[in-house]
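Worksheet: one structure, shown below.
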Amino acid sequence: MGCNDQECRDRVYLPSQQDGVHVKDYLFKYIEREFPEAKDGKNAVYSIPSKFKNCGEKQASLAEEVVFTRLSGLADTTRLDGLWMTFFHSASYAGHSFRNQRVGKLMIREHDFVIFVKHKERYSVALAEVKSTFDGTKVINNVNVTSDAKIIKNNKRSAQHQLRDHMEVLQGVLEIYPEERLIECFIMWPFLSALTRDPKQEIMKRWKEDANLHVFENNLSDQNNFDRWFVDNIITSRGISEKHFITLLNRYIVLSCGVFVDEIHRDMLALLNREQLEVLDNDRCSRPGGGPLVVHGAAGTGKTLLVLRKLQQLFELGELNSDNRALYICYWPGIKCDFEQKLKLLGLDTFVDTARFYISQTGFLLRNKKSYKHIFMDEAEAICLSFDDGIMTKTLSTIFRRYHDDNCTLTTCILSNRISFIDCESKQKCVNKKWGELWFLVDINQASLFLPKHSPRVLKVPAIVLNKVMRSTGYIFNIFKQYYSDPMPKLPKSVLVNMNLNNITHGHHILGPPAFWVEINDKTKTKETVVNVVIDLCATKGFKPNDVCIIPFLVNDNFVPEAINEEIDNHFVENGYRPRGVGDVEDFISNKAVNDFLISWALRVKGLEFKVVLMVVEDDDYDASDSEDRRKSYIIASRCTCMLILISPKSIKHEIDLHHAMQNYPFNLRFI
């Protein structure tokens with residue numbers, strides 16, 4: 001859904017007001033604004049997500065894409081002038097089971113498609129399960145043929161059970177009886193013929209006893225045929241009351257919060273801004289003495305992203321290959337693992353090595369004797385955490401010596417605290433030689449805590465400063481921008497100016513969902529509250545568990561994965577799909593299991609990003625005047641791209657939310 005700047009500023013992606021606005025009224029206004037009625041005889045068809053996304057097994061995704069395309073295509077039909085339709089794809093939710101020992105326990109289920117239709121004052125709701133079974137003779141997108149009649153029948157039975165489960169929950173939401181068939185149910189078979197053969201090999205209609213339940217290939221392979229089926233089976237159905245229609249539509253709008261956050265996340269990273277392009281286009285020859293490129297930037301300004309973009313650019317220009325290799329260096333293992341995963345996706349891992357530097361030992365690159373055409377040092381400010389001149393000197397010396405076999409006396413130039421190479425004895429040799437890229441990337445806020453005192457001068461004077469935060473939404477930025485304007489209570493003004501801390505701005509117009517606060521007090525236990533929020537996000541708001549990261553301010557026995565998972569298990573049926581907490585950052589990044597969410601301490605996730613972050617602060621954990629606490633708050637708040645949820649006592653909320661940017665979490669933590 002496109003919008004101009006002002007409209008984007010006014011958009012609300014989640015119901016965000018609790019006092020004075022009833023949630024249903026608020027949602028109804030949201031629907032009117034985001035999904036307006038069809039006008040002038042034209043059709044209005046909306047899909048959530050707005051574009052089809054492949055998910056799950058390939059053949060199943062191909063089948064679902066056919067249905068998605070046909071439903072979208074109804075916007076262009078003339079048969080249904082004045083049609084208004086919104087359909088939801090892959091909406092996940094938790095519902096209570098009513099069977100045997102499972103009564104009262106939650107099960108997470110997923111709809112393939114839920115379709116809301118309004119046409120000529122008639123309201124209809126339909127559920128569709130999609131099966132990818134194919135029994136034809138022609139080749140369709142390399143779809144595998146299934147000729148086993150038993151498998152086909154089992155797929156049918158499975159779809160019927162899924163529809164029954166969905167109806168069971170929705171009937172409870174609407175408080176209607178099962179025999180009131182107000183919601184239509186269909187099983188769609190994009191690759192399965194409506195005709196089959198009986199035991200005598202005579203052609204006959206498949207499952208003619210419940211033909212209205214099934215939508216076969218003949219109706220899905222062509223848009224005109226699908227239009228006719230839609231008119232005959234949806235538009236002319238008995239329909240549903242407007243009250244029930246709005247109740248269910250509101251439910252699925254809320255269930256799609258995770259989808260909206262996905263789309264915010266994608267749009268924010270789509271373009272590079274002018275500052276970022278300046279980094280990519282910066283020519284080494286234009287720098288005094290041909291020195292390294294030192295880039296200062298706040299969290300979320302895209303420093304690591306720019307390294308990846310630069311590597312892509314070098315590869316396309318033929319300057320990154322087996323003879324001209326690159327080395328990426330960082331401090332924290334999580335960001336190293338994440339960077340390696342992205343290199344693989346880009347197909348650059350063959351030509352780029354990765355390494356970590358250390359603050360407590362001098363073993364940097366001891367096992368790696370290679371030289372490199374290009375070197376990128378991320379998190380360069382962390383080198384000063386050692387407070388040891390010997391380790392700092394050794395690390396930088398190693399980097400410069402591996403940069404083209406130290407053919408120039410770069411080490412002497414840099415370690416004598418000159419950022420320019422003009423005074424280098426072999427200056428002419430340095431400038432004339434076709435050197436590669438040498439970057440040092442510094443987090444401004446982190447550097448403000450210790451960099452001015454005892455760091456190499458090369459890290460203090462940047463060639464380029466990135467001031468626009470692109471990764472986070474406006475509401476999240478409003479929480480952690482305080483750590484730029486006042487990173488340390490007693491930091492001299494001269495340092496603020498030198499570190500460019502006062503010029504940080506939000507780089508786009510996506511405000512996103514507000515930052516939320518959930519209270520813990522004497523009556524509520526922290527672990528149970530955290531688990532309730534996780535379940536609410538994953539079970540009733542449509543977020544994938546692996547979108548979520550829990551970052552406790554201080555780690556204790558309540559926040560180990562085993563304790564969190566034990567509490568989650570109390571809510572769910574046995575052996576079913578459910579969110580599962582994991583603690584190993586590198587394993588989480590590498591595997592990305594759909595039902596895993598991460599529980600980690602703040603420094604382990606430095607440099608990483610998550611769509612949703614739960615910042616958990618208990619009593620006496622936080623001291624606003626303590627530099628380490630402020631640093632930790634900054635790291636946690638700046639990890640999330642789309643949604644920040646603070647779980648804390650009221651007193652700590654006031655210390656962290658200085659500008660009253662947070663709103664109370666607007667949903668009851670009940671699972672319906």
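Following the order of the structure tokens, chains are lettered A, B, ..., residues in each are numbered from 1, and ligands are numbered from 1.
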message: Neighbouring residues of segment 369-385 of chain A were defined as those with any atom within 7 Å, considering only C-alpha atoms; residues of the same chain fewer than 6 positions away were excluded. Please report them as a PyMOL selection string.
response: chain A and resi 324-331+359+392+402-405+435-443+447+451+455
Taking C-alpha atoms for each residue, export the selection above as a PDB file, in the first residue's frame.
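Saved as out.pdb:
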```
ATOM      1  CA  ASN A 324      42.377 -10.396  -4.456  1.00  0.00           C
ATOM      2  CA  ARG A 325      40.848 -11.626  -1.245  1.00  0.00           C
ATOM      3  CA  ALA A 326      39.159  -9.720   1.587  1.00  0.00           C
ATOM      4  CA  LEU A 327      39.201 -10.076   5.375  1.00  0.00           C
ATOM      5  CA  TYR A 328      36.312  -9.030   7.646  1.00  0.00           C
ATOM      6  CA  ILE A 329      37.220  -8.524  11.322  1.00  0.00           C
ATOM      7  CA  CYS A 330      34.876  -7.969  14.285  1.00  0.00           C
ATOM      8  CA  TYR A 331      34.827  -8.562  18.014  1.00  0.00           C
ATOM      9  CA  ILE A 359      40.799  -7.716  24.207  1.00  0.00           C
ATOM     10  CA  MET A 392      45.911  -2.551  20.828  1.00  0.00           C
ATOM     11  CA  ARG A 402      48.404  -8.336   6.441  1.00  0.00           C
ATOM     12  CA  TYR A 403      47.257  -5.496   4.225  1.00  0.00           C
ATOM     13  CA  HIS A 404      49.408  -6.159   1.124  1.00  0.00           C
ATOM     14  CA  ASP A 405      52.273  -7.843   2.992  1.00  0.00           C
ATOM     15  CA  TRP A 435      45.851  -0.649  -2.916  1.00  0.00           C
ATOM     16  CA  GLY A 436      42.520  -2.111  -1.973  1.00  0.00           C
ATOM     17  CA  GLU A 437      40.031  -1.090   0.697  1.00  0.00           C
ATOM     18  CA  LEU A 438      41.002  -0.626   4.355  1.00  0.00           C
ATOM     19  CA  TRP A 439      38.040   0.351   6.541  1.00  0.00           C
ATOM     20  CA  PHE A 440      37.617   0.974  10.269  1.00  0.00           C
ATOM     21  CA  LEU A 441      33.985   1.170  11.424  1.00  0.00           C
ATOM     22  CA  VAL A 442      33.270   2.782  14.812  1.00  0.00           C
ATOM     23  CA  ASP A 443      30.013   2.889  16.807  1.00  0.00           C
ATOM     24  CA  ALA A 447      33.126   5.085  21.402  1.00  0.00           C
ATOM     25  CA  LEU A 451      37.476   6.097  22.899  1.00  0.00           C
ATOM     26  CA  SER A 455      42.591   4.967  21.780  1.00  0.00           C
TER      27      SER A 455
END
```
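Residue nearest Val469 of chain A within the list A:Lys303, A:Lys105, A:Lys42, A:Lys118: A:Lys303 [criterion: smallest interatomic distance, only C-alpha atoms].
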task: Give the strand (DSSP E or B) residues of segment 460-649 of chain A, as DSSP finds them on the backbone, and put them as a PyMOL selection string.
output: chain A and resi 464-466+468-469+505-506+515-519+548-552+572+580-582+596-599+610-616+640-648
query: Mind checking DSSP for segment 208-370 of chain A and telling me the helix (DSSP H, G or I) residues as a VMD selection string?
result: chain A and resid 208 to 213 217 to 220 223 to 235 242 to 255 257 to 268 274 to 281 284 to 286 288 to 290 303 to 316 333 to 346
field: Distance query Arg181 of chain A at most 12 Å, only C-alpha atoms, self and fewer than 3 positions along chain excluded, as a PyMOL selection string
entry: chain A and resi 124-126+167-168+170-171+176-178+184-185+237-240
task: Do a neighbour search on Thr505 of chain A at 12 Å with only C-alpha atoms, toss out local chain neighbours closer than 2 positions, and write the hits as a list in words.
output: Gly297, Ala298, Ala299, Gly300, Thr301, Leu466, Asn467, Lys468, Val469, Met470, Arg471, Ser472, Thr473, Gly474, Phe477, Asn478, Phe480, Lys481, Gln482, Tyr484, Ser485, Asn500, Leu501, Asn502, Asn503, Gly507, His508 and His509 of chain A
Restrict the selected residues to N, CA and C atoms and save them as a compact mmCIF listing (two decimals), in the first residue's frame.
```txt
# COMPACT_ATOMS: atom_id res chain seq x y z
N GLY A 297 29.49 5.83 13.03
CA GLY A 297 28.05 5.75 12.82
C GLY A 297 27.35 5.22 14.05
N ALA A 298 26.11 5.64 14.23
CA ALA A 298 25.29 5.12 15.33
C ALA A 298 24.81 3.72 14.99
N ALA A 299 24.30 3.02 15.99
CA ALA A 299 23.68 1.72 15.73
C ALA A 299 22.50 1.90 14.79
N GLY A 300 22.44 1.07 13.77
CA GLY A 300 21.32 1.15 12.83
C GLY A 300 21.55 2.08 11.67
N THR A 301 22.76 2.66 11.54
CA THR A 301 23.04 3.52 10.39
C THR A 301 23.55 2.71 9.20
N LEU A 466 28.14 8.71 9.71
CA LEU A 466 26.76 8.34 9.37
C LEU A 466 25.85 8.79 10.50
N ASN A 467 24.95 9.71 10.22
CA ASN A 467 24.09 10.28 11.25
C ASN A 467 22.63 9.87 11.15
N LYS A 468 22.27 9.16 10.08
CA LYS A 468 20.87 8.80 9.88
C LYS A 468 20.65 7.33 10.25
N VAL A 469 19.80 7.11 11.26
CA VAL A 469 19.47 5.76 11.70
C VAL A 469 18.41 5.19 10.75
N MET A 470 18.78 4.13 10.02
CA MET A 470 17.90 3.57 9.00
C MET A 470 17.24 2.27 9.45
N ARG A 471 17.80 1.60 10.45
CA ARG A 471 17.34 0.25 10.77
C ARG A 471 16.07 0.23 11.59
N SER A 472 15.88 1.17 12.50
CA SER A 472 14.76 1.12 13.44
C SER A 472 13.64 2.06 13.03
N THR A 473 12.45 1.79 13.54
CA THR A 473 11.32 2.69 13.31
C THR A 473 11.49 3.96 14.14
N GLY A 474 10.65 4.94 13.85
CA GLY A 474 10.72 6.22 14.55
C GLY A 474 10.47 6.09 16.04
N PHE A 477 13.54 4.63 17.72
CA PHE A 477 14.60 5.65 17.72
C PHE A 477 14.38 6.66 18.85
N ASN A 478 13.13 7.01 19.10
CA ASN A 478 12.83 7.97 20.16
C ASN A 478 13.20 7.45 21.55
N PHE A 480 15.99 5.27 22.12
CA PHE A 480 17.43 5.20 22.37
C PHE A 480 18.21 6.42 21.88
N LYS A 481 17.54 7.42 21.29
CA LYS A 481 18.28 8.62 20.87
C LYS A 481 18.81 9.41 22.08
N GLN A 482 18.20 9.20 23.25
CA GLN A 482 18.67 9.91 24.45
C GLN A 482 20.12 9.56 24.77
N TYR A 484 22.44 9.36 22.68
CA TYR A 484 23.32 10.18 21.84
C TYR A 484 23.41 11.60 22.40
N SER A 485 22.25 12.17 22.74
CA SER A 485 22.24 13.55 23.22
C SER A 485 22.89 13.66 24.60
N ASN A 500 30.39 13.84 17.17
CA ASN A 500 29.20 14.08 16.32
C ASN A 500 27.94 13.44 16.90
N LEU A 501 27.82 13.46 18.21
CA LEU A 501 26.70 12.77 18.85
C LEU A 501 25.40 13.55 18.80
N ASN A 502 25.48 14.86 18.62
CA ASN A 502 24.26 15.68 18.70
C ASN A 502 23.50 15.75 17.38
N ASN A 503 24.05 15.15 16.33
CA ASN A 503 23.43 15.30 15.01
C ASN A 503 22.69 14.06 14.54
N GLY A 507 16.28 8.39 9.81
CA GLY A 507 16.53 8.54 8.39
C GLY A 507 15.38 8.25 7.46
N HIS A 508 14.20 7.91 7.98
CA HIS A 508 13.07 7.64 7.09
C HIS A 508 11.78 8.04 7.80
N HIS A 509 10.65 7.79 7.16
CA HIS A 509 9.37 8.29 7.69
C HIS A 509 8.48 7.17 8.23
```
What's the 10 Å shell around Ser193 of chain A, counting only C-alpha atoms, without same-chain residues fewer than 4 positions away, as a PDB file with N, CA and C atoms, in the first residue's frame?
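Produced file around-v4.pdb, reproduced below:
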```pdb
ATOM      1  N   THR A 133      -1.262 -31.772  -4.093  1.00  0.00           N
ATOM      2  CA  THR A 133      -1.311 -33.063  -4.769  1.00  0.00           C
ATOM      3  C   THR A 133      -1.492 -32.895  -6.278  1.00  0.00           C
ATOM      4  N   PHE A 134      -0.736 -33.698  -7.057  1.00  0.00           N
ATOM      5  CA  PHE A 134      -0.809 -33.610  -8.524  1.00  0.00           C
ATOM      6  C   PHE A 134      -0.891 -35.030  -9.080  1.00  0.00           C
ATOM      7  N   ASP A 135      -1.928 -35.304  -9.869  1.00  0.00           N
ATOM      8  CA  ASP A 135      -2.068 -36.637 -10.465  1.00  0.00           C
ATOM      9  C   ASP A 135      -2.167 -36.568 -11.979  1.00  0.00           C
ATOM     10  N   GLY A 136      -1.785 -35.428 -12.575  1.00  0.00           N
ATOM     11  CA  GLY A 136      -1.916 -35.251 -14.018  1.00  0.00           C
ATOM     12  C   GLY A 136      -0.780 -35.887 -14.791  1.00  0.00           C
ATOM     13  N   TRP A 189      -7.349 -27.570  -4.747  1.00  0.00           N
ATOM     14  CA  TRP A 189      -6.375 -28.495  -5.328  1.00  0.00           C
ATOM     15  C   TRP A 189      -5.911 -27.928  -6.683  1.00  0.00           C
ATOM     16  N   LYS A 205     -16.527 -38.175 -11.845  1.00  0.00           N
ATOM     17  CA  LYS A 205     -16.193 -36.999 -11.038  1.00  0.00           C
ATOM     18  C   LYS A 205     -15.620 -37.446  -9.698  1.00  0.00           C
ATOM     19  N   ARG A 206     -14.605 -36.729  -9.269  1.00  0.00           N
ATOM     20  CA  ARG A 206     -13.953 -37.057  -8.008  1.00  0.00           C
ATOM     21  C   ARG A 206     -14.773 -36.521  -6.840  1.00  0.00           C
ATOM     22  N   VAL A 215     -12.258 -27.524  -4.732  1.00  0.00           N
ATOM     23  CA  VAL A 215     -12.039 -26.650  -5.885  1.00  0.00           C
ATOM     24  C   VAL A 215     -10.841 -27.224  -6.630  1.00  0.00           C
ATOM     25  N   PHE A 216     -11.106 -27.764  -7.837  1.00  0.00           N
ATOM     26  CA  PHE A 216     -10.067 -28.511  -8.537  1.00  0.00           C
ATOM     27  C   PHE A 216      -9.352 -27.654  -9.581  1.00  0.00           C
ATOM     28  N   GLU A 217      -8.417 -28.308 -10.271  1.00  0.00           N
ATOM     29  CA  GLU A 217      -7.539 -27.633 -11.229  1.00  0.00           C
ATOM     30  C   GLU A 217      -8.317 -26.894 -12.313  1.00  0.00           C
ATOM     31  N   ASN A 218      -9.409 -27.459 -12.758  1.00  0.00           N
ATOM     32  CA  ASN A 218     -10.159 -26.821 -13.852  1.00  0.00           C
ATOM     33  C   ASN A 218     -10.670 -25.434 -13.466  1.00  0.00           C
ATOM     34  N   ASN A 219     -10.947 -25.223 -12.178  1.00  0.00           N
ATOM     35  CA  ASN A 219     -11.419 -23.904 -11.733  1.00  0.00           C
ATOM     36  C   ASN A 219     -10.282 -22.975 -11.324  1.00  0.00           C
TER      37      ASN A 219
END
```
query: Neighbours of Gln160 of chain A within 12 Å (only C-alpha atoms; same-chain residues fewer than 2 positions away dropped), as an MDAnalysis selection string?
result: chainID A and resid 127:131 153:158 162:167 185:188 210 213:214
Serialized selection, N, CA and C atoms, as a PDB file, in the first residue's frame:
```pdb
ATOM      1  N   LEU A 127     -12.983 -20.048   4.495  1.00  0.00           N
ATOM      2  CA  LEU A 127     -11.682 -20.621   4.829  1.00  0.00           C
ATOM      3  C   LEU A 127     -11.270 -21.558   3.702  1.00  0.00           C
ATOM      4  N   ALA A 128     -10.004 -21.512   3.315  1.00  0.00           N
ATOM      5  CA  ALA A 128      -9.520 -22.377   2.242  1.00  0.00           C
ATOM      6  C   ALA A 128      -8.233 -23.067   2.670  1.00  0.00           C
ATOM      7  N   GLU A 129      -8.238 -24.377   2.601  1.00  0.00           N
ATOM      8  CA  GLU A 129      -7.013 -25.155   2.774  1.00  0.00           C
ATOM      9  C   GLU A 129      -6.522 -25.563   1.392  1.00  0.00           C
ATOM     10  N   VAL A 130      -5.224 -25.432   1.157  1.00  0.00           N
ATOM     11  CA  VAL A 130      -4.647 -25.711  -0.157  1.00  0.00           C
ATOM     12  C   VAL A 130      -3.803 -26.973  -0.071  1.00  0.00           C
ATOM     13  N   LYS A 131      -4.006 -27.875  -1.029  1.00  0.00           N
ATOM     14  CA  LYS A 131      -3.211 -29.098  -1.117  1.00  0.00           C
ATOM     15  C   LYS A 131      -2.491 -29.130  -2.466  1.00  0.00           C
ATOM     16  N   LYS A 153      -6.244 -39.540  -0.738  1.00  0.00           N
ATOM     17  CA  LYS A 153      -7.354 -39.574   0.218  1.00  0.00           C
ATOM     18  C   LYS A 153      -6.906 -39.095   1.600  1.00  0.00           C
ATOM     19  N   ASN A 154      -5.678 -39.435   1.990  1.00  0.00           N
ATOM     20  CA  ASN A 154      -5.157 -38.966   3.278  1.00  0.00           C
ATOM     21  C   ASN A 154      -4.995 -37.450   3.283  1.00  0.00           C
ATOM     22  N   ASN A 155      -4.570 -36.875   2.165  1.00  0.00           N
ATOM     23  CA  ASN A 155      -4.460 -35.423   2.063  1.00  0.00           C
ATOM     24  C   ASN A 155      -5.823 -34.762   2.208  1.00  0.00           C
ATOM     25  N   LYS A 156      -6.820 -35.380   1.626  1.00  0.00           N
ATOM     26  CA  LYS A 156      -8.185 -34.862   1.766  1.00  0.00           C
ATOM     27  C   LYS A 156      -8.620 -34.899   3.229  1.00  0.00           C
ATOM     28  N   ARG A 157      -8.375 -36.034   3.875  1.00  0.00           N
ATOM     29  CA  ARG A 157      -8.770 -36.177   5.276  1.00  0.00           C
ATOM     30  C   ARG A 157      -8.025 -35.164   6.148  1.00  0.00           C
ATOM     31  N   SER A 158      -6.737 -34.960   5.880  1.00  0.00           N
ATOM     32  CA  SER A 158      -5.947 -33.987   6.633  1.00  0.00           C
ATOM     33  C   SER A 158      -6.526 -32.584   6.501  1.00  0.00           C
ATOM     34  N   GLN A 162      -8.092 -30.064   9.403  1.00  0.00           N
ATOM     35  CA  GLN A 162      -7.613 -28.697   9.611  1.00  0.00           C
ATOM     36  C   GLN A 162      -8.774 -27.708   9.597  1.00  0.00           C
ATOM     37  N   LEU A 163      -9.675 -27.873   8.647  1.00  0.00           N
ATOM     38  CA  LEU A 163     -10.840 -26.980   8.574  1.00  0.00           C
ATOM     39  C   LEU A 163     -11.720 -27.136   9.812  1.00  0.00           C
ATOM     40  N   ARG A 164     -11.846 -28.346  10.282  1.00  0.00           N
ATOM     41  CA  ARG A 164     -12.637 -28.572  11.504  1.00  0.00           C
ATOM     42  C   ARG A 164     -12.019 -27.842  12.693  1.00  0.00           C
ATOM     43  N   ASP A 165     -10.672 -27.913  12.802  1.00  0.00           N
ATOM     44  CA  ASP A 165      -9.991 -27.229  13.898  1.00  0.00           C
ATOM     45  C   ASP A 165     -10.196 -25.720  13.814  1.00  0.00           C
ATOM     46  N   HIS A 166     -10.074 -25.167  12.621  1.00  0.00           N
ATOM     47  CA  HIS A 166     -10.265 -23.726  12.445  1.00  0.00           C
ATOM     48  C   HIS A 166     -11.683 -23.317  12.825  1.00  0.00           C
ATOM     49  N   MET A 167     -12.643 -24.093  12.362  1.00  0.00           N
ATOM     50  CA  MET A 167     -14.041 -23.768  12.642  1.00  0.00           C
ATOM     51  C   MET A 167     -14.337 -23.861  14.126  1.00  0.00           C
ATOM     52  N   CYS A 185     -16.292 -23.305   3.868  1.00  0.00           N
ATOM     53  CA  CYS A 185     -15.010 -24.008   3.910  1.00  0.00           C
ATOM     54  C   CYS A 185     -14.752 -24.685   2.568  1.00  0.00           C
ATOM     55  N   PHE A 186     -13.510 -24.591   2.094  1.00  0.00           N
ATOM     56  CA  PHE A 186     -13.148 -25.190   0.816  1.00  0.00           C
ATOM     57  C   PHE A 186     -11.756 -25.801   0.905  1.00  0.00           C
ATOM     58  N   ILE A 187     -11.574 -26.879   0.144  1.00  0.00           N
ATOM     59  CA  ILE A 187     -10.242 -27.458  -0.046  1.00  0.00           C
ATOM     60  C   ILE A 187      -9.875 -27.215  -1.500  1.00  0.00           C
ATOM     61  N   MET A 188      -8.768 -26.532  -1.734  1.00  0.00           N
ATOM     62  CA  MET A 188      -8.372 -26.146  -3.086  1.00  0.00           C
ATOM     63  C   MET A 188      -7.202 -27.009  -3.551  1.00  0.00           C
ATOM     64  N   ASP A 210     -19.295 -34.725  -1.964  1.00  0.00           N
ATOM     65  CA  ASP A 210     -19.089 -33.433  -1.306  1.00  0.00           C
ATOM     66  C   ASP A 210     -18.372 -32.484  -2.269  1.00  0.00           C
ATOM     67  N   LEU A 213     -17.228 -28.878  -1.545  1.00  0.00           N
ATOM     68  CA  LEU A 213     -16.094 -28.663  -0.656  1.00  0.00           C
ATOM     69  C   LEU A 213     -14.795 -28.472  -1.432  1.00  0.00           C
ATOM     70  N   HIS A 214     -14.701 -29.035  -2.627  1.00  0.00           N
ATOM     71  CA  HIS A 214     -13.433 -29.109  -3.354  1.00  0.00           C
ATOM     72  C   HIS A 214     -13.408 -28.164  -4.556  1.00  0.00           C
TER      73      HIS A 214
END
```
task: Can you pull out every residue within 9 Å of segment 610-620 of chain A, counting only C-alpha atoms, but drop anything in the same chain fewer than 3 positions away, and send it as a PyMOL selection string?
output: chain A and resi 261-262+265+520+526+530+533-534+543+546-554+623+633+636-637+639-649+651-653
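Reported to one decimal place, the separation of atom CA of Leu511 of chain A from atom CA of Phe35 of chain A is 19.6 Å.
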